[in-house]
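Following: one structure in structure tokens, then a few remarks.
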Amino acid sequence: MALKWVVKDDDVTSVLVGASKPQQILENLKVMEGTGFSEEELRMIDEVVGV
């Protein structure tokens, strides 16, 4: 979720991702294939972080 949150921001031009296993890199790359957050998910995130 955190990686997905960072890459959704148009002001972010790059993200450094660390991994200790090749599988972690593959899992992180899947974030780029997925869709963005739904309106409901964004609302829930805003509630949690207090925005």
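Here, A, B, ... name the chains of the structure tokens in the order displayed, residue numbers run from 1 inside each chain, and ligands are numbered from 1 in the same displayed order.
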Do you know which residues are at most 12 Å from A:Val7 counting only C-alpha atoms, after dropping those on the same chain fewer than 5 positions away, and could you put them as a ChimeraX atom specification?
-> /A:1-2,12-17,28-29,31-37
Limited to C-alpha atoms, could you put the picked residues into a file as a short mmCIF file (atom, residue, chain, number, x, y, z; two decimals), in the first residue's frame?
```cif
data_model
loop_
_atom_site.label_atom_id
_atom_site.label_comp_id
_atom_site.auth_asym_id
_atom_site.auth_seq_id
_atom_site.Cartn_x
_atom_site.Cartn_y
_atom_site.Cartn_z
CA MET A 1 0.00 0.00 0.00
CA ALA A 2 2.79 2.43 0.85
CA VAL A 12 7.11 12.05 -7.32
CA THR A 13 9.53 11.27 -10.13
CA SER A 14 11.27 8.22 -8.68
CA VAL A 15 11.02 5.76 -5.84
CA LEU A 16 13.87 3.79 -4.28
CA VAL A 17 12.78 0.29 -3.39
CA ASN A 28 6.87 -4.39 -5.88
CA LEU A 29 6.68 -4.28 -9.67
CA VAL A 31 2.15 -2.23 -7.98
CA MET A 32 2.81 -0.57 -11.32
CA GLU A 33 0.39 -2.96 -13.04
CA GLY A 34 -2.52 -2.34 -10.70
CA THR A 35 -5.14 0.33 -10.77
CA GLY A 36 -5.14 3.34 -8.48
CA PHE A 37 -7.00 3.66 -5.20
#
```
